[in-house]
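Chemist: My structure is in query.txt, and what it holds is compact mmCIF, C-alpha atoms:
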# COMPACT_ATOMS: atom_id res chain seq x y z
CA MET Q 1 22.45 11.90 -34.20
CA LEU Q 2 26.04 13.14 -34.18
CA ASN Q 3 26.67 11.51 -37.55
CA GLU Q 4 23.70 13.33 -39.03
CA LEU Q 5 24.92 16.62 -37.56
CA CYS Q 6 28.40 16.11 -38.97
CA SER Q 7 26.90 15.30 -42.35
CA HIS Q 8 24.99 18.60 -42.37
CA VAL Q 9 28.09 20.52 -41.26
CA GLY Q 10 30.20 18.82 -43.92
CA MET Q 11 27.75 19.72 -46.70
CA VAL Q 12 27.56 23.36 -45.59
CA VAL Q 13 31.31 23.81 -45.13
CA GLY Q 14 32.13 21.79 -48.23
CA GLY Q 15 29.88 24.06 -50.26
CA GLY Q 16 31.77 27.14 -49.11
CA GLY Q 17 29.33 28.26 -46.44
CA ASP Q 18 29.48 28.80 -42.70
CA ALA Q 19 27.60 26.69 -40.15
CA LEU Q 20 26.04 28.29 -37.08
CA ILE Q 21 25.15 25.94 -34.19
CA PRO Q 22 23.15 27.42 -31.28
CA CYS Q 23 24.14 25.59 -28.09
CA LEU Q 24 24.83 26.03 -24.41
CA SER Q 25 28.25 27.02 -23.10
CA SER Q 26 28.83 23.70 -21.35
CA GLY Q 27 27.98 20.05 -21.66
CA LEU Q 28 27.26 18.88 -25.18
CA VAL Q 29 29.44 21.54 -26.79
CA TYR Q 30 32.57 19.81 -25.45
CA ASP Q 31 31.89 16.69 -27.51
CA LEU Q 32 30.60 18.65 -30.50
CA ILE Q 33 33.87 20.54 -30.88
CA ASP Q 34 35.91 17.34 -30.76
CA PHE Q 35 33.59 15.32 -32.94
CA ILE Q 36 33.13 17.93 -35.67
CA ARG Q 37 36.85 18.74 -35.72
CA ASN Q 38 37.75 15.09 -36.26
CA TYR Q 39 35.06 14.70 -38.90
CA LEU Q 40 36.25 17.73 -40.87
CA ASN Q 41 39.80 16.40 -40.77
CA THR Q 42 38.69 13.08 -42.24
CA ILE Q 43 36.96 14.75 -45.23
CA ASN Q 44 39.93 17.00 -46.03
CA LEU Q 45 38.43 20.18 -44.60
CA GLN Q 46 41.22 20.82 -42.09
CA SER Q 47 41.28 24.52 -42.98
CA THR Q 48 37.83 25.03 -41.47
CA ASN Q 49 37.97 27.22 -38.37
CA LEU Q 50 35.90 26.59 -35.27
CA TYR Q 51 34.66 29.54 -33.22
CA PHE Q 52 33.27 29.22 -29.70
CA VAL Q 53 31.49 32.42 -28.66
CA SER Q 54 30.51 32.72 -25.00
CA PRO Q 55 31.32 35.01 -22.04
CA VAL Q 56 32.58 31.90 -20.23
CA ALA Q 57 34.21 30.12 -23.16
CA ASN Q 58 37.70 29.96 -21.62
CA HIS Q 59 36.47 28.97 -18.17
CA SER Q 60 34.06 26.39 -19.55
CA LEU Q 61 36.69 24.54 -21.59
CA ALA Q 62 39.15 24.68 -18.70
CA TYR Q 63 36.54 23.22 -16.35
CA SER Q 64 35.82 20.36 -18.75
CA ASN Q 65 39.37 19.05 -18.27
CA ILE Q 66 39.06 18.68 -14.49
CA SER Q 67 35.63 17.03 -14.35
CA SER Q 68 36.66 13.56 -15.44
CA GLU Q 69 34.19 11.84 -13.10
CA TRP Q 70 31.34 12.97 -15.38
CA LEU Q 71 32.95 11.71 -18.59
CA CYS Q 72 32.76 8.41 -20.41
CA SER Q 73 35.26 5.67 -19.61
CA ASN Q 74 37.56 6.46 -22.56
CA LYS Q 75 37.96 10.09 -21.55
CA GLN Q 76 38.38 9.10 -17.90
CA GLN Q 77 41.33 6.91 -18.85
CA ARG Q 78 43.00 9.91 -20.48
CA ALA Q 79 42.62 11.92 -17.31
CA PHE Q 80 44.18 9.12 -15.25
CA VAL Q 81 47.35 9.16 -17.39
CA ALA Q 82 47.69 12.95 -17.10
CA GLU Q 83 46.27 13.66 -20.56
CA ALA Q 84 43.55 16.15 -21.38
CA PRO Q 85 40.26 14.27 -21.94
CA PHE Q 86 39.39 16.71 -24.73
CA SER Q 87 41.58 18.16 -27.47
CA HIS Q 88 40.33 21.72 -26.99
CA GLN Q 89 43.59 23.17 -25.73
CA SER Q 90 45.64 21.67 -28.55
CA MET Q 91 43.17 23.07 -31.09
CA VAL Q 92 43.46 26.51 -29.52
CA LYS Q 93 47.26 26.35 -29.72
CA THR Q 94 47.19 25.29 -33.39
CA LYS Q 95 44.57 27.98 -34.15
CA GLN Q 96 41.93 25.51 -35.22
CA LEU Q 97 39.64 26.68 -32.42
CA PHE Q 98 39.11 30.32 -31.48
CA LEU Q 99 37.48 31.48 -28.24
CA PHE Q 100 35.63 34.78 -27.90
CA ASP Q 101 33.71 36.44 -25.08
CA GLY Q 102 31.13 37.79 -27.51
CA VAL Q 103 30.46 39.17 -30.96
CA ASP Q 104 32.86 42.06 -30.53
CA LYS Q 105 35.65 43.79 -32.43
CA ASP Q 106 38.13 40.93 -31.90
CA PHE Q 107 35.65 38.42 -33.25
CA ALA Q 108 34.84 40.58 -36.27
CA ASN Q 109 38.52 41.09 -37.11
CA THR Q 110 39.32 37.38 -36.79
CA LEU Q 111 36.33 36.43 -38.91
CA LEU Q 112 37.28 39.00 -41.55
CA ASN Q 113 40.93 37.93 -41.69
CA ASN Q 114 39.94 34.28 -42.18
CA ARG Q 115 37.20 34.75 -44.75
CA ALA Q 116 39.11 32.57 -47.19
CA ASN Q 117 38.25 29.56 -45.01
CA PRO Q 118 34.75 28.45 -43.99
CA CYS Q 119 33.91 28.22 -40.31
CA VAL Q 120 31.67 26.56 -37.75
CA ILE Q 121 30.41 28.82 -34.97
CA PHE Q 122 29.13 27.56 -31.61
CA CYS Q 123 27.10 30.19 -29.82
CA GLY Q 124 24.13 30.40 -27.46
CA HIS Q 125 21.36 30.29 -26.60
CA PRO Q 126 19.58 27.29 -28.26
CA CYS Q 127 16.21 29.06 -28.00
CA MET Q 128 17.58 31.84 -30.25
CA ARG Q 129 15.70 34.52 -28.36
CA PHE Q 130 18.60 36.27 -26.62
CA GLY Q 131 22.38 36.45 -26.60
CA ASP Q 132 25.02 36.78 -29.29
CA ILE Q 133 23.25 34.24 -31.47
CA LEU Q 134 20.85 36.99 -32.56
CA HIS Q 135 23.72 39.12 -33.89
CA LEU Q 136 25.23 36.17 -35.73
CA ILE Q 137 21.93 35.25 -37.38
CA LYS Q 138 21.63 38.82 -38.63
CA ILE Q 139 25.20 38.76 -39.96
CA MET Q 140 24.98 35.36 -41.66
CA SER Q 141 21.38 35.45 -42.89
CA ALA Q 142 22.36 37.11 -46.17
CA GLY Q 143 24.54 34.19 -47.28
CA ALA Q 144 22.72 31.53 -49.28
CA LYS Q 145 25.48 29.00 -48.58
CA ASN Q 146 25.26 29.49 -44.83
CA ALA Q 147 23.11 27.36 -42.55
CA LEU Q 148 21.88 27.43 -38.98
CA ILE Q 149 21.67 23.93 -37.51
CA SER Q 150 19.44 23.58 -34.45
CA ILE Q 151 20.41 20.69 -32.15
CA ASP Q 152 18.06 21.25 -29.20
CA GLY Q 153 16.08 18.05 -28.66
CA ASP Q 154 13.64 19.64 -26.20
CA LEU Q 155 12.06 22.01 -28.70
CA THR Q 156 8.35 21.53 -29.24
CA SER Q 157 8.18 23.21 -32.63
CA PHE Q 158 11.12 24.00 -34.87
CA ASP Q 159 8.93 26.09 -37.19
CA LYS Q 160 7.91 28.42 -34.35
CA LEU Q 161 11.54 28.68 -33.29
CA VAL Q 162 12.82 29.97 -36.63
CA SER Q 163 9.71 31.83 -37.80
CA PRO Q 164 10.92 35.28 -36.55
CA PHE Q 165 13.99 34.99 -38.79
CA LEU Q 166 12.25 33.92 -42.01
CA THR Q 167 12.09 37.31 -43.68
CA PRO Q 168 12.23 38.06 -47.44
CA ASP Q 169 15.87 39.09 -47.05
CA THR Q 170 16.90 35.86 -45.33
CA LYS Q 171 18.80 33.49 -47.60
CA MET Q 172 20.43 31.32 -44.95
CA ARG Q 173 19.03 27.81 -44.53
CA PHE Q 174 17.63 26.57 -41.22
CA VAL Q 175 18.18 22.90 -40.48
CA ASN Q 176 16.66 20.92 -37.62
CA CYS Q 177 18.97 18.19 -36.32
CA PRO Q 178 17.87 17.51 -32.72
CA ILE Q 179 20.20 15.63 -30.39
CA ASP Q 180 18.27 13.90 -27.63
CA LEU Q 181 20.39 13.47 -24.50
CA LYS Q 182 17.68 11.86 -22.39
CA LEU Q 183 18.19 8.33 -21.15
CA LYS Q 184 16.24 5.50 -22.74
CA ARG Q 185 13.89 3.37 -20.67
CA SER Q 186 16.30 0.46 -20.55
CA GLU Q 187 19.14 2.79 -19.55
CA ILE Q 188 17.09 4.26 -16.70
CA VAL Q 189 16.26 0.82 -15.34
CA GLN Q 190 19.87 -0.34 -15.63
CA LEU Q 191 21.15 2.79 -13.90
CA LEU Q 192 18.73 2.40 -11.00
CA LYS Q 193 19.71 -1.23 -10.56
CA GLU Q 194 23.38 -0.27 -10.40
CA ILE Q 195 23.14 2.58 -7.88
CA ALA Q 196 20.19 1.11 -5.90
CA PRO Q 197 19.03 4.38 -4.30
CA ARG Q 198 17.16 4.29 -1.02
CA LYS Q 199 14.88 7.09 -2.19
CA LEU Q 200 14.02 8.01 -5.76
CA ALA Q 201 12.23 11.18 -6.89
CA ILE Q 202 10.86 10.96 -10.43
CA SER Q 203 8.26 12.80 -12.45
CA ARG Q 204 4.92 11.30 -13.38
CA GLN Q 205 6.05 11.14 -16.99
CA VAL Q 206 9.13 9.08 -16.16
CA GLN Q 207 7.14 6.80 -13.86
CA SER Q 208 4.68 5.99 -16.63
CA SER Q 209 7.49 5.27 -19.11
CA ILE Q 210 9.31 2.63 -17.05
CA ASP Q 211 8.25 -0.60 -15.42
CA THR Q 212 8.43 0.12 -11.69
CA LYS Q 213 8.12 -3.59 -10.89
CA SER Q 214 11.52 -4.23 -12.48
CA ILE Q 215 13.21 -1.82 -10.04
CA LYS Q 216 11.16 -2.73 -6.98
CA ASN Q 217 13.99 -4.73 -5.41
CA SER Q 218 16.62 -2.08 -6.23
CA VAL Q 219 14.88 1.11 -5.12
CA GLY Q 220 13.57 1.87 -1.66
CA GLN Q 221 11.04 4.68 -1.52
CA ILE Q 222 9.71 6.17 -4.78
CA VAL Q 223 8.41 9.75 -4.64
CA VAL Q 224 6.43 10.90 -7.68
CA LEU Q 225 6.77 14.62 -8.37
CA GLU Q 226 3.74 16.50 -9.61
CA ALA Q 227 3.89 19.91 -11.26
CA GLY Q 228 2.94 22.62 -8.77
CA VAL Q 229 2.50 20.15 -5.89
CA PRO Q 230 5.01 20.28 -2.99
CA SER Q 231 6.74 16.99 -2.23
CA HIS Q 232 8.37 15.98 1.03
CA ILE Q 233 11.38 13.69 1.06
CA GLN Q 234 12.64 12.98 4.55
CA ASN Q 235 16.31 12.33 5.14
CA ASN Q 236 16.65 10.06 8.15
CA LYS Q 237 20.42 10.36 8.32
CA ARG Q 238 20.61 14.13 8.62
CA LYS Q 239 19.40 15.24 12.03
CA PHE Q 240 21.19 18.58 12.14
CA GLU Q 241 21.64 21.40 9.66
CA GLN Q 242 24.51 23.85 9.55
CA ALA Q 243 23.52 27.48 10.04
CA HIS Q 244 25.57 30.63 9.57
CA ILE Q 245 25.49 33.29 12.27
CA MET Q 246 25.28 36.75 10.75
CA PRO Q 247 27.80 39.39 11.90
CA ASP Q 248 25.18 41.60 13.59
CA LEU Q 249 24.13 38.70 15.82
CA ALA Q 250 27.68 37.44 16.40
CA LYS Q 251 28.64 40.79 17.95
CA GLN Q 252 26.12 40.20 20.75
CA ILE Q 253 27.46 36.78 21.73
CA THR Q 254 29.59 36.76 24.89
CA PRO Q 255 30.75 33.20 25.65
CA ARG Q 256 31.45 32.07 29.21
CA GLN Q 257 33.60 29.20 30.35
CA VAL Q 258 31.63 26.38 31.96
CA LYS Q 259 33.38 23.13 32.92
CA GLY Q 260 36.18 23.71 30.44
CA CYS Q 261 33.88 24.72 27.56
CA HIS Q 262 32.88 28.12 26.25
CA VAL Q 263 29.10 28.37 25.91
CA SER Q 264 26.65 31.15 25.27
CA ARG Q 265 22.93 31.56 24.84
CA VAL Q 266 22.02 32.72 21.32
CA VAL Q 267 18.65 34.29 20.60
CA GLY Q 268 17.96 35.18 17.00
CA CYS Q 269 15.77 34.69 13.97
CA LEU Q 270 16.33 31.58 11.83
CA GLU Q 271 16.01 32.12 8.08
CA ALA Q 272 15.88 29.20 5.63
CA ARG Q 273 16.33 30.00 1.96
CA ASP Q 274 17.58 27.87 -0.95
CA GLY Q 275 18.97 25.20 1.37
CA ASP Q 276 20.94 27.77 3.38
CA TYR Q 277 20.21 28.53 7.03
CA ARG Q 278 21.11 31.83 8.68
CA LEU Q 279 20.75 33.16 12.21
CA THR Q 280 20.06 36.88 12.18
CA LYS Q 281 19.48 39.46 14.88
CA ARG Q 282 15.92 39.76 16.14
CA THR Q 283 14.19 43.07 15.62
CA LYS Q 284 12.47 43.05 19.02
CA ASN Q 285 13.87 42.65 22.53
CA THR Q 286 13.76 39.08 23.80
CA SER Q 287 13.56 38.45 27.53
CA LEU Q 288 14.18 35.23 29.40
CA GLU Q 289 10.47 34.56 29.88
CA ASP Q 290 9.57 34.48 26.17
CA THR Q 291 12.57 32.37 25.16
CA PRO Q 292 11.47 28.74 24.84
CA GLY Q 293 13.66 25.69 25.11
CA GLU Q 294 16.58 24.75 27.34
CA LEU Q 295 19.08 27.26 28.68
CA PHE Q 296 22.76 26.79 29.26
CA GLY Q 297 24.09 27.96 32.57
CA ASP Q 298 26.82 27.79 35.16
CA GLN Q 299 26.84 25.33 38.06
CA ILE Q 300 24.02 25.79 40.55
CA LYS Q 301 25.23 27.09 43.89
CA ILE Q 302 23.55 24.84 46.46
CA ASP Q 303 24.19 27.25 49.31
CA LEU Q 304 22.48 30.07 47.42
CA VAL Q 305 19.36 27.97 46.93
CA VAL Q 306 19.36 26.95 50.61
CA ARG Q 307 19.65 30.57 51.76
CA ALA Q 308 16.83 31.62 49.46
CA LEU Q 309 14.53 28.94 50.85
CA GLN Q 310 15.48 29.77 54.45
CA SER Q 311 14.75 33.44 53.82
CA GLN Q 312 11.23 32.36 52.86
CA GLY Q 313 10.76 30.68 56.26
CA TYR Q 314 11.38 27.06 55.26
CA GLU Q 315 13.44 24.61 57.26
CA VAL Q 316 15.84 22.99 54.85
CA ASN Q 317 18.00 19.87 55.08
CA THR Q 318 20.77 19.20 52.56
CA VAL Q 319 21.62 15.54 52.05
CA PRO Q 320 24.35 14.13 49.73
CA LEU Q 321 22.71 11.26 47.84
CA ASP Q 322 25.72 9.56 46.30
CA ASN Q 323 29.22 10.06 47.59
CA ASP Q 324 30.65 8.46 44.46
CA ARG Q 325 28.96 10.93 42.12
CA PHE Q 326 30.13 14.52 42.42
CA GLY Q 327 27.34 17.10 42.56
CA THR Q 328 24.51 14.76 43.63
CA TYR Q 329 22.50 16.44 46.41
CA GLN Q 330 18.96 16.56 47.74
CA ILE Q 331 17.36 19.50 49.50
CA ASP Q 332 14.48 18.36 51.73
CA ILE Q 333 11.74 20.82 52.72
CA PRO Q 334 9.63 18.92 55.34
CA MET Q 335 7.17 21.78 55.94
CA ILE Q 336 5.69 21.42 52.46
CA ASP Q 337 6.68 17.79 51.84
CA SER Q 338 8.87 18.78 48.91
CA ARG Q 339 12.41 18.19 47.75
CA ILE Q 340 14.86 19.37 45.11
CA ILE Q 341 17.20 16.72 43.73
CA PHE Q 342 20.41 17.79 42.00
CA SER Q 343 22.49 15.48 39.83
CA PRO Q 344 25.22 16.10 37.25
CA ASP Q 345 22.81 15.63 34.34
CA ARG Q 346 19.47 16.95 35.63
CA THR Q 347 17.57 18.73 38.41
CA ASN Q 348 14.20 17.44 39.67
CA VAL Q 349 11.67 19.39 41.72
CA GLU Q 350 9.17 17.22 43.62
CA ALA Q 351 6.16 18.85 45.29
CA PRO Q 352 2.60 17.78 46.26
CA ASN Q 353 0.97 20.20 43.80
CA SER Q 354 1.80 22.25 40.73
CA GLU Q 355 1.67 25.61 42.53
CA LEU Q 356 4.36 24.62 45.03
CA ARG Q 357 6.43 23.07 42.28
CA LYS Q 358 6.23 26.28 40.24
CA HIS Q 359 7.19 28.34 43.29
CA LEU Q 360 10.24 26.17 44.00
CA LYS Q 361 11.22 26.25 40.34
CA THR Q 362 11.07 30.05 40.33
CA THR Q 363 13.24 30.21 43.46
CA LEU Q 364 15.69 27.81 41.88
CA MET Q 365 15.92 29.78 38.63
CA LYS Q 366 16.53 33.06 40.46
CA ASN Q 367 19.68 31.53 41.92
CA TYR Q 368 20.74 29.94 38.65
CA VAL Q 369 23.33 31.82 36.65
CA VAL Q 370 21.87 32.03 33.15
CA LEU Q 371 24.11 32.81 30.22
Could you render the structure as structure tokens?
Modeler:
Amino acid sequence: MLNELCSHVGMVVGGGGDALIPCLSSGLVYDLIDFIRNYLNTINLQSTNLYFVSPVANHSLAYSNISSEWLCSNKQQRAFVAEAPFSHQSMVKTKQLFLFDGVDKDFANTLLNNRANPCVIFCGHPCMRFGDILHLIKIMSAGAKNALISIDGDLTSFDKLVSPFLTPDTKMRFVNCPIDLKLKRSEIVQLLKEIAPRKLAISRQVQSSIDTKSIKNSVGQIVVLEAGVPSHIQNNKRKFEQAHIMPDLAKQITPRQVKGCHVSRVVGCLEARDGDYRLTKRTKNTSLEDTPGELFGDQIKIDLVVRALQSQGYEVNTVPLDNDRFGTYQIDIPMIDSRIIFSPDRTNVEAPNSELRKHLKTTLMKNYVVL
């Protein structure tokens, strides 16, 4: 595919024309610049200039040099020995590659000053429906020696893609040279055998194109994705998610020190959007009664609970249950055959019926310092 592309570029440039290649600002363009530059040098067209037009041209090429983990083994080896995996920077220094933010005055002046030499222009977008590519097509369409070479392998119809530009005044040629970056069936199977994922999410199209029996021993759960149908993939390892507390809610938090730790009760609204979780301030007042779940609090004062029960007319006996465990007590209430058992990790209320148990629980909570 790349050889065919270089052949088309060589014929256009060798004939004195300019080649326009619609492409994205990252990914394939990194290899295209290197590959076409080397090819032009081998056919004695070193004077051909390369132009990369994109608002992120500089940042994109700089990023390509620090992402060695995504490159092939040869380029990774260059990164390990402190060499640039691509030759973009050296081409920029020798003025074989020019970077522009857009089709602006600087681009026009550079193009005009170098009209003696043919050029290859990389610009987006591949769909040719928006961006600077539209301006370049208009500028170059009058040249019969010029050519636009489409490399998008995902296009359904090349004729529909270029039909808006085929006017009587258009003399530029339109060439379809798709570069398919999708993995082959054998490559997909080999990749899955190497990484052996526990869970695999694939489309119905990919599932039908590969033999799932060949990867049965390498892949755990296979989830088939359907268009427009929600899919659920459970992650057993992740039991907690990180949430960000918004400033308006953070201002209301007043931590208290309990047993050497600072704790506080937080009541808010949890928002989940695009994998990000945020706790925001609630719009309505929230009281203790309508707040579900456990509450953090200070240590229970046993004497306060005893006084509260005595004020209600109950005879109360306080008995330490375990002298070796600090904070383990039992409050016996013989009149109603009930007891409250305190321990460092929990508090139990035992009563003959639910009404008494609820009453004792209410008394207990009134003497419990809630944060």
Chemist: Pick the closest to Ser73 in chain Q from Q:Ile121, Q:Pro85, Q:Val306, Q:Ile149: which is it, counting all atoms listed in the file?
Modeler: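 Nearest candidate to Ser73 in chain Q out of Q:Ile121, Q:Pro85, Q:Val306, Q:Ile149: Q:Pro85.
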Chemist: If you count all atoms listed in the file, which residues fall within 10 Å of Gln242 in chain Q, apart from same-chain ones fewer than 5 positions away, as a ChimeraX atom specification?
Modeler: /Q:275-278
Chemist: Using all atoms listed in the file, which residue out of Q:His232, Q:Asn348, Q:Gln330, Q:Ala144 lies closest to Asp169 in chain Q?
Modeler: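 That would be Q:Ala144, the residue with the smallest distance to Asp169 in chain Q.
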Chemist: Between CA of Ala201 in chain Q and CA of Ile233 in chain Q, what is the spacing in Å?
Modeler: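 CA of Ile233 in chain Q sits 8.4 Å away from CA of Ala201 in chain Q.
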Chemist: Find, counting all atoms listed in the file, the residue in Q:Ala19, Q:Val224, Q:Ala272, Q:Leu249 that gets nearest to Ser141 in chain Q.
Modeler: Q:Ala19
Chemist: Residues at most 8 Å from range 63-67 of chain Q, counting only C-alpha atoms, excluding those fewer than 2 positions away in the same chain, as a list in words?
Modeler: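 The residues that qualify are Tyr30, His59, Ser60, Leu61, Glu69, Trp70, Leu71, Ala79, Ala84, Pro85 and Phe86 of chain Q.
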Chemist: Return the single residue from Q:Lys301, Q:Arg185, Q:Arg307, Q:Lys358 that is closest to Asp211 in chain Q, with distances computed using only C-alpha atoms.
Modeler: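 With only C-alpha atoms as the atom set, the closest residue is Q:Arg185.
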Chemist: When you draw a straight line from CA of Asn146 in chain Q to CA of Met91 in chain Q, how long is it in Å?
Modeler: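 Spanning CA of Asn146 in chain Q to CA of Met91 in chain Q is a straight-line distance of 23.5 Å.
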Chemist: Would you mind writing range 134-156 of chain Q with N, CA and C atoms, as a CSV table (one decimal), in the frame of the given file?
Modeler:
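Result went into part.csv, see below:
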chain,number,residue,atom,x,y,z
Q,134,LEU,N,21.7,36.1,-31.8
Q,134,LEU,CA,20.8,37.0,-32.6
Q,134,LEU,C,21.7,37.9,-33.5
Q,135,HIS,N,22.8,38.3,-33.0
Q,135,HIS,CA,23.7,39.1,-33.9
Q,135,HIS,C,24.3,38.3,-35.0
Q,136,LEU,N,24.6,37.0,-34.7
Q,136,LEU,CA,25.2,36.2,-35.7
Q,136,LEU,C,24.2,35.8,-36.8
Q,137,ILE,N,23.0,35.6,-36.4
Q,137,ILE,CA,21.9,35.2,-37.4
Q,137,ILE,C,21.8,36.4,-38.3
Q,138,LYS,N,21.8,37.6,-37.8
Q,138,LYS,CA,21.6,38.8,-38.6
Q,138,LYS,C,22.8,39.0,-39.6
Q,139,ILE,N,24.0,38.6,-39.1
Q,139,ILE,CA,25.2,38.8,-40.0
Q,139,ILE,C,25.2,37.7,-41.1
Q,140,MET,N,24.8,36.5,-40.7
Q,140,MET,CA,25.0,35.4,-41.7
Q,140,MET,C,23.7,35.1,-42.5
Q,141,SER,N,22.6,35.8,-42.2
Q,141,SER,CA,21.4,35.4,-42.9
Q,141,SER,C,21.4,35.8,-44.4
Q,142,ALA,N,22.3,36.7,-44.8
Q,142,ALA,CA,22.4,37.1,-46.2
Q,142,ALA,C,23.1,36.1,-47.1
Q,143,GLY,N,23.8,35.2,-46.5
Q,143,GLY,CA,24.5,34.2,-47.3
Q,143,GLY,C,23.7,33.0,-47.6
Q,144,ALA,N,23.5,32.7,-48.9
Q,144,ALA,CA,22.7,31.5,-49.3
Q,144,ALA,C,23.4,30.2,-49.0
Q,145,LYS,N,24.7,30.2,-48.9
Q,145,LYS,CA,25.5,29.0,-48.6
Q,145,LYS,C,25.6,28.7,-47.1
Q,146,ASN,N,25.2,29.7,-46.3
Q,146,ASN,CA,25.3,29.5,-44.8
Q,146,ASN,C,24.1,28.7,-44.3
Q,147,ALA,N,24.2,28.1,-43.1
Q,147,ALA,CA,23.1,27.4,-42.6
Q,147,ALA,C,23.2,27.4,-41.0
Q,148,LEU,N,22.0,27.5,-40.4
Q,148,LEU,CA,21.9,27.4,-39.0
Q,148,LEU,C,21.3,26.0,-38.7
Q,149,ILE,N,22.0,25.3,-37.8
Q,149,ILE,CA,21.7,23.9,-37.5
Q,149,ILE,C,21.2,23.9,-36.0
Q,150,SER,N,20.0,23.7,-35.8
Q,150,SER,CA,19.4,23.6,-34.4
Q,150,SER,C,19.6,22.2,-33.9
Q,151,ILE,N,20.1,22.0,-32.7
Q,151,ILE,CA,20.4,20.7,-32.2
Q,151,ILE,C,19.6,20.4,-30.9
Q,152,ASP,N,18.8,21.4,-30.5
Q,152,ASP,CA,18.1,21.2,-29.2
Q,152,ASP,C,17.0,20.2,-29.3
Q,153,GLY,N,17.1,19.1,-28.6
Q,153,GLY,CA,16.1,18.0,-28.7
Q,153,GLY,C,14.8,18.3,-27.8
Q,154,ASP,N,14.8,19.4,-27.0
Q,154,ASP,CA,13.6,19.6,-26.2
Q,154,ASP,C,12.7,20.6,-26.8
Q,155,LEU,N,12.9,21.0,-28.0
Q,155,LEU,CA,12.1,22.0,-28.7
Q,155,LEU,C,10.7,21.4,-29.1
Q,156,THR,N,9.7,22.1,-28.9
Q,156,THR,CA,8.4,21.5,-29.2
Q,156,THR,C,8.0,21.8,-30.7
